[in-house]
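Novice: Sending over a structure as structure tokens; questions will come in a sec.
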Amino acid sequence: MTRFPIRIALVAMIVPFAFVVVGVALQLAWLPELPATVATHWGFDGKPDSFGPSWTMPLLLGVLGVLLVALFGAVLARTVGPQGPTAVQKLLAASSLFVATLLSIIVTASVGIQRGLSVGSPSPAILPVFGTAVGIGLLLAVAGWFFMPRAVSGASIPDPAAPPLSVAPGELVVWVGHARFATWVVILLGAVVAVVTAVVVFVIALRGAWPLAIVPVVVALSVLGTASWRVRVDGDGLTVRPTLGWPQYRVALDDVASAASTQVVPLGEFGGFGIRWGLGRRLGVITRGGEALEVQRRDGRAVVVTVDDAATAAGLLTALAARTAKG
Amino acid sequence: MLFRVDPASGVPIFDQLAASVRSELARGSLRAGDRLPPAREVAAALEVNIHTVLRAYQDLRDEGLVDLRRGRGAVVTDNAGLSPELLADIHDLVAEARRLGVGVGTLTALLREEYSA
């Protein structure tokens, strides 16, 4: 992080934080006018279904709001390069503003409309508040988007196309590589899956909602089944295949326009890790930052996969594609 | 990990496969603890017999470059790294052979002879 542009800081952190502070301050000022017990949660029918002490809401907004804004801000501060924000980063900043606005208005207003009520009297409807908050949040997020500097292209500049390996006409060649999360990331993901499973088991025990059991299974399969990918370049072109065997991505040799080794910034270009869509119709299999193989297809789409020794893979793919083209 | 096999070269295919692994070790793109691709996958991609690939892996094990374990495949051993001095010597040797017009076949034959001496 060299220079974090002030306009991004305003949209992603300063204005959202101000909303949270004002919200908390208002609620604290209203405390004397509130009944000791207030509605803290509303069901889908717009009627309150949960109640708590009157100090619950300012505490909730303060903790949640600061955590959220800090999270968005930290990600952006670490990833925005000196050349400016990418579209994905601008989206993150606008999301920070949207979420903070929404949260502050809803929590604060839901407390505000309960002023002067006595314990036990019916709580007012929350739905109009919700609609208004979404509207204001969206307006501010859009305004924030245009307030920020123009998005720079997130696509990294590939290293000059790898020199093709020399491959003799009848020679059989295969390059095999790996794209996988670091061990500590896999452990972290495993822990997340364990927590999700525990929560679901708890809910099932409490409510008997058996269909929920599908959730941890899907999470475990999608997270751990795509944590390790085998990448192959041979006479069939490029094949990228996860441990589970699905989803598998292939680029046939006669569909290869060019191949190069490139440097990937996961959050900036793809908005995260795993199977990702990046800017410029790029499908990413992203397990870490750094060296990656980028294959341009003839129709303009591209496949990017993070592997070591990508230059060799690119060189081989280039050579094999050329050999196929010659017949 | 790059495997190359030229069926026209006259060198047995399993030798060429083992040589591919050795040169990847020398290049530093394979390191101690790395796993070689499953023999089945290499065989399928190169359209050679799986036993040919296994033969290459067994030769590498006999040289102490990899460990073969059931279920874990072929794993590069700690002592697989070649010394930089040896690599430099090989570089010089090949350069000298080129200068004198000695082909790779002759040079390999001479090396073999030296080993069995």
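Just remember, in the structure tokens the first chain shown is A, the second B, etc., residues are 1-based per chain, and ligands are 1-based in the order shown.
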Write out as a ChimeraX atom specification all residues of segment 49-83 of chain B that backbone DSSP assigns to strand (DSSP E).

Specialist: /B:66-69,73-76

Novice: Contacts between chain A and chain B, please, where a residue of chain B counts if it comes within 7 Å (with only C-alpha atoms); show its shortest atom pair and distance in Å to one decimal, rows by chain and ascending number, as CSV.

Specialist:
```
residue,atom,partner,partner_atom,distance
B:Met1,CA,A:Val176,CA,5.2
B:Leu2,CA,A:Trp175,CA,4.3
B:Phe3,CA,A:Val174,CA,5.3
B:Arg4,CA,A:Val173,CA,4.3
B:Val5,CA,A:Leu172,CA,5.0
B:Asp6,CA,A:Glu171,CA,4.4
B:Pro7,CA,A:Glu171,CA,6.6
B:Ser29,CA,A:Asp309,CA,6.8
B:Pro37,CA,A:Val176,CA,6.9
B:Ala45,CA,A:Asp234,CA,6.4
B:Leu46,CA,A:Leu172,CA,5.7
```

Novice: I'd like the contact shell of Leu71 of chain A - 10 Å cut-off, only C-alpha atoms, skipping same-chain residues fewer than 6 positions apart - returned as number ranges by chain.

Specialist: A: 13, 65, 77, 96

Novice: Report as an MDAnalysis selection string all protein, DNA and RNA residues lying within 10 Å of Thr56 of chain A, evaluated on only C-alpha atoms, omitting residues in the same chain fewer than 2 positions from it.

Specialist: chainID A and resid 37:40 51:54 58:61

Novice: So which one's closest to Ile214 of chain A, A:Leu253, A:Val196, A:Thr79, A:Trp42? Using only C-alpha atoms, please.

Specialist: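 Comparing A:Leu253, A:Val196, A:Thr79, A:Trp42 against Ile214 of chain A, the winner is A:Val196.
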
Novice: If you count only C-alpha atoms, which residues fall within 7 Å of Gly284 of chain A, apart from same-chain ones fewer than 6 positions away, as a ChimeraX atom specification?

Specialist: /A:275-278,303-305

Novice: Grab the residues selected above and save them as a JSON list (two decimals), in the first residue's frame with C-alpha atoms.

Specialist:
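Just written: result.json:
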```
[["chain", "number", "residue", "atom", "x", "y", "z"],
["A", 275, "ILE", "CA", -13.50, -20.60, -9.50],
["A", 276, "ARG", "CA", -13.82, -16.97, -10.48],
["A", 277, "TRP", "CA", -14.93, -14.73, -13.31],
["A", 278, "GLY", "CA", -12.52, -11.87, -13.85],
["A", 303, "VAL", "CA", -8.60, -19.25, -18.85],
["A", 304, "VAL", "CA", -6.26, -18.30, -16.00],
["A", 305, "VAL", "CA", -4.95, -20.90, -13.57]]
```

Novice: Within segment 25-62 of chain B, find each residue whose DSSP state, derived from the backbone, is alpha helix (DSSP H), and express the selection as a list in words.

Specialist: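 The alpha helix (DSSP H) subset of segment 25-62 of chain B is Leu25, Ala26, Arg27, Ala39, Arg40, Glu41, Val42, Ala43, Ala44, Ala45, Leu46, Ile50, His51, Thr52, Val53, Leu54, Arg55, Ala56, Tyr57, Gln58, Asp59, Leu60, Arg61 and Asp62 of chain B.
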
Novice: Using the selection just defined, write its residues with N, CA and C atoms as a CSV table (one decimal), in the first residue's frame.

Specialist:
```
chain,number,residue,atom,x,y,z
B,25,LEU,N,14.5,-32.1,-12.0
B,25,LEU,CA,15.2,-31.9,-10.7
B,25,LEU,C,16.4,-31.0,-10.9
B,26,ALA,N,17.1,-31.1,-12.0
B,26,ALA,CA,18.3,-30.3,-12.2
B,26,ALA,C,17.8,-28.8,-12.4
B,27,ARG,N,16.7,-28.6,-13.1
B,27,ARG,CA,16.2,-27.3,-13.4
B,27,ARG,C,15.6,-26.6,-12.1
B,39,ALA,N,1.3,-42.4,-12.5
B,39,ALA,CA,1.8,-43.1,-13.7
B,39,ALA,C,0.7,-43.2,-14.7
B,40,ARG,N,-0.5,-43.5,-14.2
B,40,ARG,CA,-1.7,-43.7,-15.0
B,40,ARG,C,-1.9,-42.5,-15.9
B,41,GLU,N,-1.8,-41.3,-15.3
B,41,GLU,CA,-2.1,-40.0,-16.0
B,41,GLU,C,-1.1,-39.8,-17.1
B,42,VAL,N,0.2,-40.0,-16.7
B,42,VAL,CA,1.3,-39.7,-17.6
B,42,VAL,C,1.2,-40.7,-18.8
B,43,ALA,N,0.8,-42.0,-18.5
B,43,ALA,CA,0.7,-43.0,-19.6
B,43,ALA,C,-0.4,-42.6,-20.5
B,44,ALA,N,-1.6,-42.1,-19.9
B,44,ALA,CA,-2.7,-41.8,-20.8
B,44,ALA,C,-2.4,-40.6,-21.7
B,45,ALA,N,-1.7,-39.5,-21.1
B,45,ALA,CA,-1.4,-38.3,-21.8
B,45,ALA,C,-0.4,-38.6,-23.0
B,46,LEU,N,0.6,-39.5,-22.7
B,46,LEU,CA,1.6,-39.7,-23.7
B,46,LEU,C,1.2,-40.9,-24.6
B,50,ILE,N,1.3,-48.1,-19.2
B,50,ILE,CA,1.5,-47.6,-17.8
B,50,ILE,C,2.7,-48.3,-17.2
B,51,HIS,N,3.0,-49.5,-17.6
B,51,HIS,CA,4.1,-50.3,-17.1
B,51,HIS,C,5.4,-49.6,-17.5
B,52,THR,N,5.4,-49.0,-18.7
B,52,THR,CA,6.6,-48.2,-19.1
B,52,THR,C,6.9,-47.1,-18.1
B,53,VAL,N,5.8,-46.4,-17.7
B,53,VAL,CA,6.0,-45.2,-16.8
B,53,VAL,C,6.4,-45.8,-15.4
B,54,LEU,N,5.8,-46.9,-15.0
B,54,LEU,CA,6.2,-47.5,-13.7
B,54,LEU,C,7.6,-47.9,-13.7
B,55,ARG,N,8.1,-48.5,-14.8
B,55,ARG,CA,9.5,-48.9,-15.0
B,55,ARG,C,10.4,-47.7,-14.8
B,56,ALA,N,10.0,-46.5,-15.4
B,56,ALA,CA,10.8,-45.3,-15.2
B,56,ALA,C,10.9,-44.9,-13.7
B,57,TYR,N,9.7,-44.9,-13.1
B,57,TYR,CA,9.6,-44.5,-11.7
B,57,TYR,C,10.5,-45.5,-10.8
B,58,GLN,N,10.5,-46.8,-11.2
B,58,GLN,CA,11.2,-47.8,-10.4
B,58,GLN,C,12.8,-47.5,-10.6
B,59,ASP,N,13.2,-47.2,-11.8
B,59,ASP,CA,14.6,-46.8,-12.0
B,59,ASP,C,15.0,-45.6,-11.2
B,60,LEU,N,14.1,-44.6,-11.1
B,60,LEU,CA,14.4,-43.4,-10.3
B,60,LEU,C,14.5,-43.8,-8.8
B,61,ARG,N,13.6,-44.7,-8.4
B,61,ARG,CA,13.7,-45.2,-7.0
B,61,ARG,C,15.0,-45.9,-6.7
B,62,ASP,N,15.4,-46.7,-7.7
B,62,ASP,CA,16.7,-47.4,-7.5
B,62,ASP,C,17.9,-46.5,-7.5
```

Novice: In Å, with one decimal, what is the gap from atom CA of Arg323 of chain A to atom CA of Val104 of chain B?

Specialist: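 These atoms are spaced 24.9 Å apart.
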
Novice: Given only C-alpha atoms, how would the per-residue table for segment 36-90 of chain B near segment 95-98 of chain B read, listing every residue at most 12 Å away with its closest atom pair and distance in Å to one decimal, sorted by chain and number, as CSV?

Specialist:
```
residue,atom,partner,partner_atom,distance
B:Ala88,CA,B:Ala95,CA,10.6
B:Asp89,CA,B:Ala95,CA,9.8
B:Ile90,CA,B:Ala95,CA,8.5
```

Novice: Just to confirm, what's the straight-line distance from atom CA of Val66 of chain A to atom CA of Val22 of chain A in Å (one decimal)?

Specialist: 12.4 Å

Novice: Find the distance between atom CA of Leu320 of chain A and atom CA of Glu47 of chain B and write it in Å to one decimal.

Specialist: 15.7 Å
